[in-house]
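Novice: This is the structure I want to talk about, given as structure tokens.
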Amino acid sequence: MFYPLKVILIPVLLGYSLGLDDLSISAVELTVHVGDSALLGCVSQSTGEKHVTKVDWMFSSGKHIEDEYVLFYYSNISVPVGHFQNRVRLVGDILHHDGSLLLQNVEETDQGNFTCEIRFQMESLVFKKVVVLHVLPEEPKELMVHVGDSTQMRCVFHSTEEKHMSRADWMFSSGEPAKEEIVLRYQRKLRTPMGYSQNWGRFLNRVNLVGDTSRNDVSIMLHGVKESDGGNYTCHIYLGNLTFRKTTVLQVILKESRTLVTPVALRPEILGGNQLVLIVGIVCATILLLPVLILIVKMAYGNKSSVTSTTLVKSLENTEKACAEKHIYSSITTQEVNDEEESSGKSEATYMTMNPVWPSLRSAPISPPDQRSTWGMAKTEQAF
């Protein structure tokens with residue numbers, strides 16, 4: 001329903017500002033992280049009963065790009081526009097000349113200059129204020145800590161104005177369907193920015209407030225982390241009718257045991273449960289397989305011995321055979337042949353045929369000298 005109004009009002013409001021004198025105020029700077037919320041203050045210190053007619057918020061990234069509207073207020077209607085829609089709202093008290101802007105879920109592209117202009121009825125004077133916003137990378141939303149260690153959880157409400165929180169609460173939820181537990185509560189004293197904090201329950205004496213409360217910083221330090229401390233920690237900061245929330249997820253890691261492991265220390269664990277059955281099974285299997293292993297070794301050794309003996313016997317037989325043949329062939333001399341030639345009185349040529357004697361013939365009895373030609377060598381024949 002605001003879009004037609006926006007199209008009509010912007011030209012009118014821009015034309016209305018022509019010819020007016022500006023009262024420039026020096027710029028202020030504010031640094032926030034991505035995802036945080038920031039209160040951009042814009043309060044006029046003008047005195048008297050002046051009625052605010054118009055408030056404009058514009059943004060410039062400083063990259064020579066035309067300024068864009070963030071939000072404008074006119075006739076008791078505030079309209080956020082552009083990519084700031086759904087992320088900004090006017091939170092100041094217009095009746096008290098307060099046109100402060102709340103920027104939520106800050107993005108990296110929000111870094112730049114935010115300019116506020118407040119105009120009063122029947123006055124040409126324009127109140128102007130510039131906020132230079134610096135955007136840092138997002139802080140981790142999840143923390144991992146070991147049991148027994150300490151960890152800090154930050155919670156800061158960023159503002160350019162001296163707005164002091166009235167109260168702050170830290171709540172814990174384990175994620176299970178149970179009531180939230182109070183971790184710490186801070187209450188500001190009347191007429192002073194200082195206050196007091198209190199914690200109780202299982203977080204008693206383990207949580208300290210370490211933030212600067214005068215700057216709306218209620219960061220806490222959790223000591224002696226326990227396994228049951230894992231869960232969601234939500235910070236609530238109350239500033240009048242404003243409430244700022246931030247949630248941090250804490251994951252607790254169990255420390256590894258560094259105790260020296262000894263057989264004595266392991267004995268109760270080994271002898272219990274299925275481990276005892278496993279040990280008995282291994283022993284029984286070893287006993288059953290031992291005879292089989294011994295038999296296999298014996299068979300392997302026997303085969304090896306048999307093969308060695310057979311090889312040795314064959315080697316000896318070959319040696320004896322070679323020696324016998326050498327003896328047989330060398331026993332034939334030319335003296336016997338010469339004697340036969342002389343007895344016959346002939347000089348014809350002779351030849352002989354030799355038959356080898358196998359080693360088995362060596363066992364036969366020695367023949368008489370007259371039979372040597374039969375066993376020792378073949379008969380000689382004369383060629384006619």
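By convention in this document, the chains of the structure tokens carry letters A, B, ... by their order, each chain's residues are numbered from 1, and ligands are numbered from 1 in the order they are shown.
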Give me, as a compact mmCIF listing (two decimals) with all heavy atoms, in the first residue's frame, all polymer residues having an atom no more than 9 Å from stretch 33-36 of chain A, counting only C-alpha atoms and skipping those fewer than 6 positions away in the same chain.
Specialist:
```
# COMPACT_ATOMS: atom_id res chain seq x y z
N LEU A 103 19.46 -0.51 11.94
CA LEU A 103 19.85 -1.34 10.79
C LEU A 103 20.15 -2.74 11.31
O LEU A 103 21.04 -2.93 12.14
CB LEU A 103 21.08 -0.74 10.10
CG LEU A 103 21.71 -1.55 8.97
CD1 LEU A 103 20.72 -1.75 7.83
CD2 LEU A 103 22.99 -0.88 8.48
N GLN A 104 19.43 -3.72 10.79
CA GLN A 104 19.57 -5.10 11.25
C GLN A 104 20.24 -5.95 10.17
O GLN A 104 20.17 -5.65 8.98
CB GLN A 104 18.20 -5.68 11.60
CG GLN A 104 17.51 -4.96 12.75
CD GLN A 104 16.10 -5.47 12.99
OE1 GLN A 104 15.28 -5.51 12.07
NE2 GLN A 104 15.81 -5.85 14.22
N ASN A 105 20.85 -7.04 10.64
CA ASN A 105 21.51 -7.99 9.73
C ASN A 105 22.42 -7.26 8.74
O ASN A 105 22.25 -7.33 7.52
CB ASN A 105 20.48 -8.83 8.97
CG ASN A 105 19.63 -9.68 9.89
OD1 ASN A 105 20.12 -10.21 10.88
ND2 ASN A 105 18.35 -9.80 9.58
N VAL A 106 23.40 -6.58 9.29
CA VAL A 106 24.30 -5.79 8.47
C VAL A 106 25.00 -6.67 7.44
O VAL A 106 25.44 -7.78 7.74
CB VAL A 106 25.35 -5.09 9.37
CG1 VAL A 106 26.40 -4.40 8.51
CG2 VAL A 106 24.67 -4.10 10.28
N GLU A 107 25.07 -6.14 6.21
CA GLU A 107 25.73 -6.84 5.11
C GLU A 107 27.03 -6.12 4.76
O GLU A 107 27.23 -4.95 5.10
CB GLU A 107 24.82 -6.91 3.88
CG GLU A 107 23.51 -7.63 4.13
CD GLU A 107 22.57 -7.58 2.93
OE1 GLU A 107 22.94 -6.93 1.92
OE2 GLU A 107 21.49 -8.18 3.00
N GLU A 108 27.89 -6.83 4.04
CA GLU A 108 29.17 -6.25 3.66
C GLU A 108 28.98 -5.03 2.76
O GLU A 108 29.76 -4.07 2.81
CB GLU A 108 30.01 -7.31 2.95
CG GLU A 108 31.43 -6.87 2.63
CD GLU A 108 32.25 -7.97 2.01
OE1 GLU A 108 31.74 -9.11 1.89
OE2 GLU A 108 33.40 -7.71 1.63
N HIS A 134 31.60 1.17 9.11
CA HIS A 134 32.64 0.22 8.70
C HIS A 134 32.15 -1.19 9.03
O HIS A 134 31.72 -1.45 10.15
CB HIS A 134 33.95 0.50 9.43
CG HIS A 134 34.48 1.88 9.21
ND1 HIS A 134 35.14 2.25 8.05
CD2 HIS A 134 34.45 2.99 9.99
CE1 HIS A 134 35.48 3.53 8.14
NE2 HIS A 134 35.08 4.00 9.31
N VAL A 135 32.26 -2.08 8.05
CA VAL A 135 31.74 -3.44 8.21
C VAL A 135 32.91 -4.42 8.21
O VAL A 135 33.71 -4.45 7.26
CB VAL A 135 30.74 -3.79 7.09
CG1 VAL A 135 30.21 -5.21 7.30
CG2 VAL A 135 29.60 -2.79 7.07
N LEU A 136 33.00 -5.23 9.27
CA LEU A 136 34.03 -6.25 9.42
C LEU A 136 33.44 -7.63 9.11
O LEU A 136 32.22 -7.80 9.12
CB LEU A 136 34.61 -6.24 10.84
CG LEU A 136 35.27 -4.93 11.30
CD1 LEU A 136 35.74 -5.07 12.74
CD2 LEU A 136 36.42 -4.55 10.39
N PRO A 137 34.29 -8.63 8.84
CA PRO A 137 33.77 -9.99 8.58
C PRO A 137 32.95 -10.52 9.75
O PRO A 137 33.11 -10.10 10.90
CB PRO A 137 35.05 -10.82 8.37
CG PRO A 137 36.07 -9.83 7.93
CD PRO A 137 35.75 -8.55 8.65
N GLU A 138 32.10 -11.42 9.44
CA GLU A 138 31.19 -11.98 10.45
C GLU A 138 31.95 -12.76 11.52
O GLU A 138 32.89 -13.50 11.22
CB GLU A 138 30.17 -12.89 9.77
CG GLU A 138 29.12 -13.45 10.70
CD GLU A 138 28.10 -14.31 9.97
OE1 GLU A 138 28.34 -14.63 8.79
OE2 GLU A 138 27.07 -14.66 10.57
N GLU A 139 31.53 -12.58 12.75
CA GLU A 139 32.10 -13.36 13.86
C GLU A 139 31.53 -14.77 13.83
O GLU A 139 30.41 -15.00 13.38
CB GLU A 139 31.78 -12.69 15.19
CG GLU A 139 32.46 -11.36 15.41
CD GLU A 139 32.14 -10.77 16.77
OE1 GLU A 139 30.96 -10.78 17.15
OE2 GLU A 139 33.07 -10.28 17.44
N VAL A 156 27.46 -7.49 21.87
CA VAL A 156 27.61 -6.04 21.90
C VAL A 156 26.51 -5.41 21.05
O VAL A 156 26.27 -5.87 19.92
CB VAL A 156 28.99 -5.59 21.38
CG1 VAL A 156 29.15 -4.09 21.51
CG2 VAL A 156 30.11 -6.33 22.11
N PHE A 157 25.89 -4.39 21.57
CA PHE A 157 24.93 -3.62 20.79
C PHE A 157 25.62 -2.34 20.34
O PHE A 157 26.04 -1.53 21.17
CB PHE A 157 23.68 -3.29 21.61
CG PHE A 157 22.64 -2.54 20.83
CD1 PHE A 157 21.84 -3.19 19.91
CD2 PHE A 157 22.48 -1.18 21.01
CE1 PHE A 157 20.90 -2.50 19.18
CE2 PHE A 157 21.53 -0.48 20.29
CZ PHE A 157 20.74 -1.13 19.37
N HIS A 158 25.77 -2.18 19.02
CA HIS A 158 26.51 -1.05 18.46
C HIS A 158 25.57 0.14 18.24
O HIS A 158 24.50 -0.01 17.65
CB HIS A 158 27.16 -1.45 17.14
CG HIS A 158 28.07 -2.63 17.25
ND1 HIS A 158 29.35 -2.55 17.72
CD2 HIS A 158 27.85 -3.94 16.95
CE1 HIS A 158 29.92 -3.74 17.70
NE2 HIS A 158 29.03 -4.60 17.23
N LYS A 246 21.24 -12.00 20.28
CA LYS A 246 22.33 -12.68 19.57
C LYS A 246 22.52 -14.06 20.17
O LYS A 246 22.57 -14.21 21.39
CB LYS A 246 23.64 -11.88 19.67
CG LYS A 246 24.78 -12.51 18.90
CD LYS A 246 26.05 -11.68 18.98
CE LYS A 246 27.17 -12.31 18.18
NZ LYS A 246 28.42 -11.50 18.24
```
Novice: Extract, using only C-alpha atoms, all DNA, RNA and protein residues at most 9 Å from A:Arg89, discarding same-chain residues fewer than 4 positions from it, and format them as a list in words.
Specialist: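 Non-adjacent residues within range: Leu71, Ser78, Val79, Pro80, Gln85, Ser100, Leu101, Leu102, Leu103 and Gln104 of chain A.
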Novice: Neighbours of A:Ser44 within 10 Å (only C-alpha atoms; same-chain residues fewer than 6 positions away dropped), as a PyMOL selection string?
Specialist: chain A and resi 96-99+117-119+126-129
Novice: Could you state the separation of atom CA of A:Leu90 and atom CA of A:Glu29 in Å, given to one decimal place?
Specialist: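 Pair atom CA of A:Leu90 / atom CA of A:Glu29 returns 19.5 Å.
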Novice: What are the closest atom pairs, with distances in Å to one decimal, for all residues of stretch 25-55 of chain A lying within 12 Å of stretch 162-171 of chain A? Consider only C-alpha atoms, order rows by chain and residue number, and present the result as a Markdown table.
Specialist:
```
| residue | atom | partner | partner_atom | distance |
| --- | --- | --- | --- | --- |
| A:Leu39 | CA | A:Lys163 | CA | 9.5 |
| A:Leu40 | CA | A:Glu162 | CA | 11.1 |
| A:Gly41 | CA | A:Glu162 | CA | 9.0 |
| A:Cys42 | CA | A:Glu162 | CA | 11.5 |
| A:Val43 | CA | A:Glu162 | CA | 10.9 |
```
Novice: Restricting it to N, CA and C atoms, dump the selection as a CSV table (one decimal), in the first residue's frame.
Specialist:
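Saved file part26.csv follows:
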```csv
chain,number,residue,atom,x,y,z
A,39,LEU,N,22.6,0.8,15.7
A,39,LEU,CA,21.7,1.9,15.9
A,39,LEU,C,22.4,3.2,15.4
A,40,LEU,N,21.9,3.8,14.3
A,40,LEU,CA,22.4,5.0,13.7
A,40,LEU,C,21.6,6.2,14.3
A,41,GLY,N,22.3,6.8,15.2
A,41,GLY,CA,21.6,7.9,15.9
A,41,GLY,C,21.4,9.2,15.0
A,42,CYS,N,20.3,9.9,15.2
A,42,CYS,CA,20.1,11.1,14.5
A,42,CYS,C,19.1,12.0,15.4
A,43,VAL,N,19.7,12.7,16.3
A,43,VAL,CA,18.9,13.5,17.3
A,43,VAL,C,19.3,14.9,17.2
```
Novice: Mind pulling up the distance from atom CA of A:Gly148 to atom CA of A:Glu176?
Specialist: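 Atom-to-atom, atom CA of A:Glu176 and atom CA of A:Gly148 are spaced 23.0 Å apart.
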Novice: I'd like a table as JSON lines: residues in stretch 67-97 of chain A with an atom no more than 9 Å from stretch 45-53 of chain A, each row giving the shortest atom pair and its distance in Å to one decimal, only C-alpha atoms counted, sorted by chain and rising residue number.
Specialist:
```
{"residue": "A:Tyr73", "atom": "CA", "partner": "A:Thr53", "partner_atom": "CA", "distance": 8.1}
{"residue": "A:Tyr74", "atom": "CA", "partner": "A:Thr53", "partner_atom": "CA", "distance": 6.2}
{"residue": "A:Ser75", "atom": "CA", "partner": "A:Thr53", "partner_atom": "CA", "distance": 6.7}
{"residue": "A:Asn76", "atom": "CA", "partner": "A:Thr53", "partner_atom": "CA", "distance": 8.4}
{"residue": "A:Ile94", "atom": "CA", "partner": "A:Val52", "partner_atom": "CA", "distance": 6.7}
{"residue": "A:Leu95", "atom": "CA", "partner": "A:His51", "partner_atom": "CA", "distance": 7.2}
{"residue": "A:His96", "atom": "CA", "partner": "A:Val52", "partner_atom": "CA", "distance": 8.8}
{"residue": "A:His97", "atom": "CA", "partner": "A:Val52", "partner_atom": "CA", "distance": 6.6}
```
Novice: Quick one: pick out all helix (DSSP H, G or I) residues within stretch 4-168 of chain A from a backbone DSSP run and write them as a VMD selection string.
Specialist: chain A and resid 4 to 16 82 to 84 94 to 96 108 to 110
Novice: What is the atom CA of A:Phe114 to atom CA of A:Arg245 distance in Å?
Specialist: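 For atom CA of A:Phe114 relative to atom CA of A:Arg245, the distance reads 23.4 Å.
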Novice: Got a sec: who's within 6 Å of stretch 216-232 of chain A, counting only C-alpha atoms, leaving out chain neighbours fewer than 4 positions off, as a CSV table (one decimal) with all heavy atoms, in the first residue's frame?
Specialist:
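See selection.csv below for the written result:
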```csv
chain,number,residue,atom,x,y,z
A,147,VAL,N,36.5,-29.9,27.1
A,147,VAL,CA,36.0,-30.0,28.5
A,147,VAL,C,37.1,-29.4,29.4
A,147,VAL,O,38.3,-29.8,29.3
A,147,VAL,CB,35.7,-31.4,28.9
A,147,VAL,CG1,35.4,-31.6,30.3
A,147,VAL,CG2,34.4,-31.9,28.1
A,148,GLY,N,36.7,-28.6,30.4
A,148,GLY,CA,37.7,-28.0,31.3
A,148,GLY,C,38.3,-26.7,30.9
A,148,GLY,O,38.9,-26.0,31.8
A,149,ASP,N,38.1,-26.3,29.7
A,149,ASP,CA,38.7,-25.1,29.2
A,149,ASP,C,37.7,-23.9,29.5
A,149,ASP,O,36.6,-24.1,30.0
A,149,ASP,CB,39.0,-25.1,27.7
A,149,ASP,CG,40.2,-26.0,27.4
A,149,ASP,OD1,40.9,-26.4,28.4
A,149,ASP,OD2,40.4,-26.4,26.2
A,150,SER,N,38.1,-22.7,29.1
A,150,SER,CA,37.3,-21.5,29.3
A,150,SER,C,37.1,-20.9,27.9
A,150,SER,O,37.9,-21.1,27.0
A,150,SER,CB,38.0,-20.5,30.2
A,150,SER,OG,38.2,-21.0,31.5
A,151,THR,N,35.9,-20.2,27.7
A,151,THR,CA,35.6,-19.6,26.4
A,151,THR,C,34.8,-18.3,26.7
A,151,THR,O,34.1,-18.2,27.6
A,151,THR,CB,34.8,-20.6,25.6
A,151,THR,OG1,34.6,-20.0,24.3
A,151,THR,CG2,33.4,-20.9,26.2
A,152,GLN,N,35.0,-17.4,25.7
A,152,GLN,CA,34.3,-16.1,25.8
A,152,GLN,C,33.3,-16.0,24.7
A,152,GLN,O,33.5,-16.4,23.6
A,152,GLN,CB,35.3,-15.0,25.6
A,152,GLN,CG,34.7,-13.6,25.7
A,152,GLN,CD,35.7,-12.4,25.5
A,152,GLN,OE1,36.9,-12.7,25.6
A,152,GLN,NE2,35.2,-11.2,25.4
A,153,MET,N,32.1,-15.5,25.1
A,153,MET,CA,31.0,-15.3,24.2
A,153,MET,C,30.6,-13.9,24.2
A,153,MET,O,30.3,-13.3,25.2
A,153,MET,CB,29.8,-16.2,24.6
A,153,MET,CG,30.0,-17.7,24.4
A,153,MET,SD,28.7,-18.7,25.0
A,153,MET,CE,29.1,-18.9,26.7
A,154,ARG,N,30.7,-13.3,23.0
A,154,ARG,CA,30.6,-11.8,22.8
A,154,ARG,C,29.1,-11.5,22.5
A,154,ARG,O,28.4,-12.2,21.8
A,154,ARG,CB,31.5,-11.3,21.7
A,154,ARG,CG,32.9,-11.5,21.9
A,154,ARG,CD,33.8,-10.8,20.9
A,154,ARG,NE,33.7,-9.3,21.1
A,154,ARG,CZ,33.1,-8.5,20.3
A,154,ARG,NH1,32.4,-9.0,19.2
A,154,ARG,NH2,33.1,-7.2,20.5
A,155,CYS,N,28.7,-10.3,23.1
A,155,CYS,CA,27.4,-9.7,22.8
A,155,CYS,C,27.5,-8.2,23.0
A,155,CYS,O,27.6,-7.7,24.1
A,155,CYS,CB,26.4,-10.3,23.7
A,155,CYS,SG,24.7,-9.7,23.5
A,156,VAL,N,27.5,-7.5,21.9
A,156,VAL,CA,27.6,-6.0,21.9
A,156,VAL,C,26.5,-5.4,21.0
A,156,VAL,O,26.3,-5.9,19.9
A,156,VAL,CB,29.0,-5.6,21.4
A,156,VAL,CG1,29.1,-4.1,21.5
A,156,VAL,CG2,30.1,-6.3,22.1
A,157,PHE,N,25.9,-4.4,21.6
A,157,PHE,CA,24.9,-3.6,20.8
A,157,PHE,C,25.6,-2.3,20.3
A,157,PHE,O,26.0,-1.5,21.2
A,157,PHE,CB,23.7,-3.3,21.6
A,157,PHE,CG,22.6,-2.5,20.8
A,157,PHE,CD1,21.8,-3.2,19.9
A,157,PHE,CD2,22.5,-1.2,21.0
A,157,PHE,CE1,20.9,-2.5,19.2
A,157,PHE,CE2,21.5,-0.5,20.3
A,157,PHE,CZ,20.7,-1.1,19.4
A,172,PHE,N,20.3,-20.0,28.4
A,172,PHE,CA,20.9,-21.3,27.9
A,172,PHE,C,19.8,-22.3,27.6
A,172,PHE,O,18.9,-22.4,28.3
A,172,PHE,CB,21.9,-21.9,28.9
A,172,PHE,CG,22.3,-23.3,28.5
A,172,PHE,CD1,23.2,-23.5,27.5
A,172,PHE,CD2,21.8,-24.4,29.2
A,172,PHE,CE1,23.6,-24.8,27.1
A,172,PHE,CE2,22.2,-25.7,28.8
A,172,PHE,CZ,23.1,-25.9,27.8
A,173,SER,N,20.0,-22.9,26.4
A,173,SER,CA,19.1,-24.0,26.0
A,173,SER,C,19.9,-25.1,25.4
A,173,SER,O,20.7,-24.9,24.6
A,173,SER,CB,18.1,-23.5,25.0
A,173,SER,OG,17.3,-24.6,24.5
A,174,SER,N,19.6,-26.3,25.9
A,174,SER,CA,20.4,-27.5,25.5
A,174,SER,C,19.9,-28.0,24.1
A,174,SER,O,20.5,-29.0,23.6
A,174,SER,CB,20.4,-28.6,26.5
A,174,SER,OG,19.0,-29.0,26.7
A,206,ARG,N,30.8,-19.8,37.7
A,206,ARG,CA,31.6,-20.2,36.5
A,206,ARG,C,31.4,-19.2,35.4
A,206,ARG,O,32.1,-19.4,34.3
A,206,ARG,CB,31.1,-21.6,36.1
A,206,ARG,CG,31.4,-22.7,37.0
A,206,ARG,CD,31.3,-24.1,36.3
A,206,ARG,NE,30.0,-24.4,35.8
A,206,ARG,CZ,29.8,-24.7,34.5
A,206,ARG,NH1,30.8,-24.8,33.7
A,206,ARG,NH2,28.6,-25.0,34.1
A,207,VAL,N,30.6,-18.2,35.6
A,207,VAL,CA,30.4,-17.2,34.5
A,207,VAL,C,30.7,-15.8,35.0
A,207,VAL,O,30.2,-15.4,36.1
A,207,VAL,CB,28.9,-17.2,34.0
A,207,VAL,CG1,28.7,-16.1,33.0
A,207,VAL,CG2,28.6,-18.6,33.4
A,208,ASN,N,31.5,-15.0,34.3
A,208,ASN,CA,31.9,-13.7,34.6
A,208,ASN,C,31.5,-12.7,33.5
A,208,ASN,O,31.6,-13.1,32.3
A,208,ASN,CB,33.4,-13.5,34.9
A,208,ASN,CG,33.8,-14.3,36.1
A,208,ASN,OD1,33.0,-14.6,37.0
A,208,ASN,ND2,35.1,-14.7,36.1
A,209,LEU,N,31.0,-11.6,33.9
A,209,LEU,CA,30.7,-10.5,32.9
A,209,LEU,C,32.0,-9.8,32.6
A,209,LEU,O,32.6,-9.1,33.5
A,209,LEU,CB,29.7,-9.5,33.4
A,209,LEU,CG,29.2,-8.4,32.5
A,209,LEU,CD1,28.5,-9.0,31.3
A,209,LEU,CD2,28.2,-7.5,33.3
A,210,VAL,N,32.5,-9.8,31.3
A,210,VAL,CA,33.8,-9.2,31.0
A,210,VAL,C,33.6,-8.1,30.0
A,210,VAL,O,34.6,-7.4,29.7
A,210,VAL,CB,34.7,-10.3,30.3
A,210,VAL,CG1,35.1,-11.4,31.4
A,210,VAL,CG2,34.1,-10.9,29.1
A,211,GLY,N,32.5,-7.8,29.5
A,211,GLY,CA,32.2,-6.7,28.6
A,211,GLY,C,32.1,-5.3,29.3
A,211,GLY,O,31.9,-5.2,30.5
A,212,ASP,N,32.3,-4.3,28.5
A,212,ASP,CA,32.2,-2.9,29.0
A,212,ASP,C,30.7,-2.5,28.9
A,212,ASP,O,30.2,-2.2,27.8
A,212,ASP,CB,33.0,-2.0,28.2
A,212,ASP,CG,33.0,-0.5,28.7
A,212,ASP,OD1,32.3,-0.3,29.7
A,212,ASP,OD2,33.8,0.3,28.2
A,248,THR,N,24.7,-17.7,20.3
A,248,THR,CA,26.0,-18.4,20.0
A,248,THR,C,25.8,-19.9,20.4
A,248,THR,O,25.3,-20.2,21.4
A,248,THR,CB,27.1,-17.8,20.9
A,248,THR,OG1,27.3,-16.4,20.6
A,248,THR,CG2,28.4,-18.5,20.6
A,249,VAL,N,26.3,-20.7,19.4
A,249,VAL,CA,26.2,-22.2,19.6
A,249,VAL,C,27.5,-22.7,20.2
A,249,VAL,O,28.6,-22.4,19.6
A,249,VAL,CB,25.8,-22.9,18.3
A,249,VAL,CG1,25.8,-24.4,18.5
A,249,VAL,CG2,24.5,-22.4,17.8
A,250,LEU,N,27.5,-23.4,21.3
A,250,LEU,CA,28.7,-23.9,21.9
A,250,LEU,C,28.7,-25.4,21.8
A,250,LEU,O,27.8,-26.1,22.2
A,250,LEU,CB,28.7,-23.5,23.4
A,250,LEU,CG,30.0,-24.0,24.2
A,250,LEU,CD1,31.2,-23.2,23.7
A,250,LEU,CD2,29.8,-23.7,25.7
A,251,GLN,N,29.8,-25.9,21.2
A,251,GLN,CA,30.0,-27.3,21.0
A,251,GLN,C,31.2,-27.8,21.9
A,251,GLN,O,32.3,-27.2,21.9
A,251,GLN,CB,30.3,-27.7,19.6
A,251,GLN,CG,29.2,-27.4,18.6
A,251,GLN,CD,29.5,-27.9,17.2
A,251,GLN,OE1,30.5,-28.5,17.0
A,251,GLN,NE2,28.6,-27.6,16.3
A,252,VAL,N,30.9,-28.7,22.8
A,252,VAL,CA,31.9,-29.2,23.8
A,252,VAL,C,32.6,-30.5,23.2
A,252,VAL,O,31.9,-31.4,22.8
A,252,VAL,CB,31.3,-29.5,25.1
A,252,VAL,CG1,32.3,-29.9,26.1
A,252,VAL,CG2,30.6,-28.2,25.6
```
Novice: Among stretch 75-228 of chain A, which ones does DSSP assign to strand (DSSP E or B) (computed from the backbone)? Answer as number ranges by chain.
Specialist: A: 77-80, 88-90, 98, 101-103, 112-120, 125-136, 142-146, 151-153, 156, 158-159, 167-173, 181-188, 195-198, 207-209, 217, 220-222
Novice: Fewer than 5 positions away in the same chain doesn't count, so skip those; otherwise give me all residues within 7 Å of A:Val70, counting only C-alpha atoms, as a PyMOL selection string.
Specialist: chain A and resi 57-59+80-82+84
Novice: Please produce a file of the residues just selected, as a PDB file, in the first residue's frame, where the atoms kept are C-alpha atoms.
Specialist:
```
ATOM      1  CA  TRP A  57      17.921   8.586   5.476  1.00  0.00           C
ATOM      2  CA  MET A  58      20.190   8.159   2.424  1.00  0.00           C
ATOM      3  CA  PHE A  59      23.133   5.895   1.691  1.00  0.00           C
ATOM      4  CA  PRO A  80      11.933   1.780   3.982  1.00  0.00           C
ATOM      5  CA  VAL A  81      13.008   1.441   0.356  1.00  0.00           C
ATOM      6  CA  GLY A  82      15.591  -0.241  -1.865  1.00  0.00           C
ATOM      7  CA  PHE A  84      17.301  -1.934   2.872  1.00  0.00           C
TER       8      PHE A  84
END
```
Novice: Considering only C-alpha atoms, can you say which of A:Glu142, A:Asp67, A:Asp93, A:Asp110 comes closest to A:Gly240?
Specialist: A:Asp93
Novice: Quick one: of A:Asn199, A:Ser37, A:Thr243, A:Ser159, who's nearest to A:Ser214, counting only C-alpha atoms?
Specialist: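 Smallest distance to A:Ser214 is found for A:Ser159.
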